[in-house]
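Student: To be precise about what I am sending: the file is called entry.pdb and holds PDB, C-alpha atoms, pLDDT in the B column.
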```
ATOM      1  CA  MET A   9      -5.778   1.400   7.015  1.00 59.00           C
ATOM      2  CA  ALA A  10      -2.467   0.908   8.794  1.00 63.00           C
ATOM      3  CA  ARG A  11      -3.379   3.763  11.126  1.00 66.00           C
ATOM      4  CA  VAL A  12      -6.702   2.106  11.996  1.00 70.00           C
ATOM      5  CA  GLU A  13      -4.870  -1.108  12.861  1.00 68.00           C
ATOM      6  CA  GLY A  14      -2.206   0.743  14.823  1.00 64.00           C
ATOM      7  CA  TYR A  15       0.702   0.042  12.478  1.00 66.00           C
ATOM      8  CA  LEU A  16       3.215   2.377  10.917  1.00 72.00           C
ATOM      9  CA  PRO A  17       3.765   1.302   7.285  1.00 72.00           C
ATOM     10  CA  ILE A  18       7.550   1.412   7.150  1.00 81.00           C
ATOM     11  CA  VAL A  19       9.680   0.460   4.175  1.00 87.00           C
ATOM     12  CA  SER A  20      10.745  -3.168   4.489  1.00 86.00           C
ATOM     13  CA  ALA A  21      12.452  -3.549   1.108  1.00 91.00           C
ATOM     14  CA  LEU A  22      13.973  -1.110  -1.339  1.00 95.00           C
ATOM     15  CA  SER A  23      15.397  -2.133  -4.711  1.00 97.00           C
ATOM     16  CA  VAL A  24      15.633  -1.244  -8.396  1.00 97.00           C
ATOM     17  CA  ASP A  25      13.876  -3.462 -10.937  1.00 96.00           C
ATOM     18  CA  SER A  26      14.983  -4.394 -14.452  1.00 96.00           C
ATOM     19  CA  GLU A  27      13.160  -1.342 -15.869  1.00 95.00           C
ATOM     20  CA  GLY A  28      15.127   1.032 -13.626  1.00 96.00           C
ATOM     21  CA  ARG A  29      12.175   1.753 -11.346  1.00 97.00           C
ATOM     22  CA  ILE A  30      12.701   2.082  -7.615  1.00 97.00           C
ATOM     23  CA  VAL A  31      10.637  -0.590  -5.845  1.00 97.00           C
ATOM     24  CA  VAL A  32       9.438   0.224  -2.330  1.00 94.00           C
ATOM     25  CA  GLN A  33       7.602  -2.397  -0.278  1.00 91.00           C
ATOM     26  CA  THR A  34       5.569  -1.282   2.734  1.00 85.00           C
ATOM     27  CA  PRO A  35       3.905  -4.329   4.274  1.00 78.00           C
ATOM     28  CA  ILE A  36       1.710  -4.394   7.318  1.00 73.00           C
ATOM     29  CA  PRO A  37       0.875  -7.688   9.055  1.00 71.00           C
ATOM     30  CA  GLN A  38      -2.347  -8.330   7.130  1.00 72.00           C
ATOM     31  CA  GLY A  39      -1.682  -6.465   3.888  1.00 72.00           C
ATOM     32  CA  GLY A  40       0.571  -3.953   2.274  1.00 80.00           C
ATOM     33  CA  LEU A  41       1.588  -2.074  -0.834  1.00 83.00           C
ATOM     34  CA  THR A  42       4.402  -2.058  -3.318  1.00 89.00           C
ATOM     35  CA  TYR A  43       5.229   1.267  -4.960  1.00 91.00           C
ATOM     36  CA  TYR A  44       7.195   1.785  -8.173  1.00 94.00           C
ATOM     37  CA  LEU A  45       8.945   5.155  -8.376  1.00 95.00           C
ATOM     38  CA  ASP A  46      10.934   6.987 -11.020  1.00 96.00           C
ATOM     39  CA  ALA A  47      14.317   8.634 -10.423  1.00 96.00           C
ATOM     40  CA  GLN A  48      12.558  11.788  -9.142  1.00 96.00           C
ATOM     41  CA  LEU A  49      10.657   9.624  -6.612  1.00 95.00           C
ATOM     42  CA  ARG A  50       7.308  10.118  -8.360  1.00 93.00           C
ATOM     43  CA  VAL A  51       4.911   7.191  -8.017  1.00 90.00           C
ATOM     44  CA  LEU A  52       4.583   5.441 -11.369  1.00 92.00           C
ATOM     45  CA  GLU A  53       2.505   2.534 -10.152  1.00 89.00           C
ATOM     46  CA  SER A  54       1.337   0.942  -6.931  1.00 86.00           C
ATOM     47  CA  ARG A  55       0.120  -2.568  -6.248  1.00 86.00           C
ATOM     48  CA  PRO A  56      -1.743  -3.781  -3.179  1.00 82.00           C
ATOM     49  CA  SER A  57      -1.155  -7.209  -1.681  1.00 82.00           C
ATOM     50  CA  ASP A  58      -3.791  -9.834  -2.486  1.00 82.00           C
ATOM     51  CA  ASN A  59      -5.327  -9.629   0.963  1.00 80.00           C
ATOM     52  CA  LEU A  60      -5.572  -5.831   1.109  1.00 78.00           C
ATOM     53  CA  ALA A  61      -9.063  -5.603  -0.446  1.00 79.00           C
ATOM     54  CA  PRO A  62     -10.706  -8.141   1.917  1.00 84.00           C
ATOM     55  CA  LEU A  63      -8.999  -6.528   4.899  1.00 82.00           C
ATOM     56  CA  HIS A  64     -10.190  -3.074   3.838  1.00 81.00           C
ATOM     57  CA  GLU A  65     -13.754  -4.327   3.384  1.00 86.00           C
ATOM     58  CA  ARG A  66     -13.737  -5.995   6.822  1.00 86.00           C
ATOM     59  CA  LEU A  67     -12.556  -2.763   8.464  1.00 85.00           C
ATOM     60  CA  ARG A  68     -15.185  -0.769   6.535  1.00 89.00           C
ATOM     61  CA  LYS A  69     -17.954  -3.115   7.688  1.00 92.00           C
ATOM     62  CA  GLN A  70     -16.721  -2.731  11.272  1.00 90.00           C
ATOM     63  CA  GLY A  71     -17.110   1.044  10.886  1.00 89.00           C
ATOM     64  CA  LEU A  72     -13.371   1.696  11.195  1.00 85.00           C
ATOM     65  CA  LEU A  73     -13.070   3.008   7.624  1.00 85.00           C
ATOM     66  CA  ASP A  74     -15.594   5.296   5.957  1.00 85.00           C
ATOM     67  CA  HIS A  75     -14.849   4.688   2.268  1.00 81.00           C
ATOM     68  CA  PRO A  76     -14.769   1.860  -0.271  1.00 80.00           C
ATOM     69  CA  LEU A  77     -11.393   0.734  -1.575  1.00 77.00           C
ATOM     70  CA  SER A  78     -10.159   2.287  -4.799  1.00 72.00           C
ATOM     71  CA  SER A  79      -6.716   2.856  -6.300  1.00 59.00           C
ATOM     72  CA  VAL A  80      -6.968   6.454  -5.078  1.00 54.00           C
ATOM     73  CA  ASN A  81      -6.834   5.146  -1.492  1.00 50.00           C
ATOM     74  CA  TRP A  82      -3.321   3.790  -1.836  1.00 54.00           C
ATOM     75  CA  LEU A  83      -1.706   6.506  -3.927  1.00 53.00           C
ATOM     76  CA  PRO A  84       0.084   9.207  -1.937  1.00 49.00           C
TER
END
```
What's the structure tokens form of this structure?
Tutor:
Amino acid sequence: MARVEGYLPIVSALSVDSEGRIVVQTPIPQGGLTYYLDAQLRVLESRPSDNLAPLHERLRKQGLLDHPLSSVNWLP
């Protein structure tokens, strides 16, 4: 999605939460994702921003994306 909009999803925040997970935030102007990693940098969980689903659907309806949104789309 970021590629379609011409953005490079760079890390804007990096921290460690109370559970010891590494928290990586990669926002883009109209949406973004937060990843939770373990010490070996494996993705434990990912959460999209609230506006990611409507943005994805709008881009799909415009023919810029060829797939419906699912959690598989935002996991590396």
Student: Residues at most 9 Å from Ile18 of chain A, counting all atoms listed in the file, excluding those fewer than 3 positions away in the same chain, as a list in words?
Tutor: Tyr15, Gln33, Thr34, Pro35 and Ile36 of chain A
Student: Identify the residues around (-14.9, 0.1, 1.8) within a radius of 7 Å, measuring from all atoms listed in the file in the coordinates stated by the file, and give them as a list in words.
Tutor: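 Applying the cut-off with all atoms listed in the file, one gets His64, Glu65, Arg68, Leu73, Asp74, His75, Pro76 and Leu77 of chain A.
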Student: Write a file of the just-selected residues containing C-alpha atoms, as a short mmCIF file (atom, residue, chain, number, x, y, z; two decimals), in the coordinates of the input.
Tutor:
```
data_model
loop_
_atom_site.label_atom_id
_atom_site.label_comp_id
_atom_site.auth_asym_id
_atom_site.auth_seq_id
_atom_site.Cartn_x
_atom_site.Cartn_y
_atom_site.Cartn_z
CA HIS A 64 -10.19 -3.07 3.84
CA GLU A 65 -13.75 -4.33 3.38
CA ARG A 68 -15.18 -0.77 6.54
CA LEU A 73 -13.07 3.01 7.62
CA ASP A 74 -15.59 5.30 5.96
CA HIS A 75 -14.85 4.69 2.27
CA PRO A 76 -14.77 1.86 -0.27
CA LEU A 77 -11.39 0.73 -1.58
#
```
Student: Rounded to one decimal, what separation in Å do you get between atom CA of Ser54 of chain A and atom CA of Val32 of chain A?
Tutor: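 Value for the atom CA of Ser54 of chain A-atom CA of Val32 of chain A distance: 9.3 Å.
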Student: Have a look at A:Leu16, A:Gly39, A:Gly71, A:Tyr44 and name the one nearest to Pro56 of chain A; count all atoms listed in the file.
Tutor: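 Nearest to Pro56 of chain A: A:Gly39.
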Student: Which is closer to Leu49 of chain A than all the others in A:Pro37, A:Arg29, A:Leu67, A:Pro62, using only C-alpha atoms?
Tutor: A:Arg29
Student: Between atom CA of Ser57 of chain A and atom CA of Gly40 of chain A, what distance in Å does the model show, to one decimal?
Tutor: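 One can read the atom CA of Ser57 of chain A to atom CA of Gly40 of chain A distance as 5.4 Å.
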Student: Quote the spacing between atom CA of Ser20 of chain A and atom CA of Tyr43 of chain A in Å to one decimal place.
Tutor: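 Separation of atom CA of Ser20 of chain A and atom CA of Tyr43 of chain A: 11.8 Å.
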Student: Could you give me, as a ChimeraX atom specification, the residues within 6 Å of Ile30 of chain A, counting all atoms listed in the file and dropping anything in the same chain fewer than 5 positions from it?
Tutor: /A:23-24,44-45
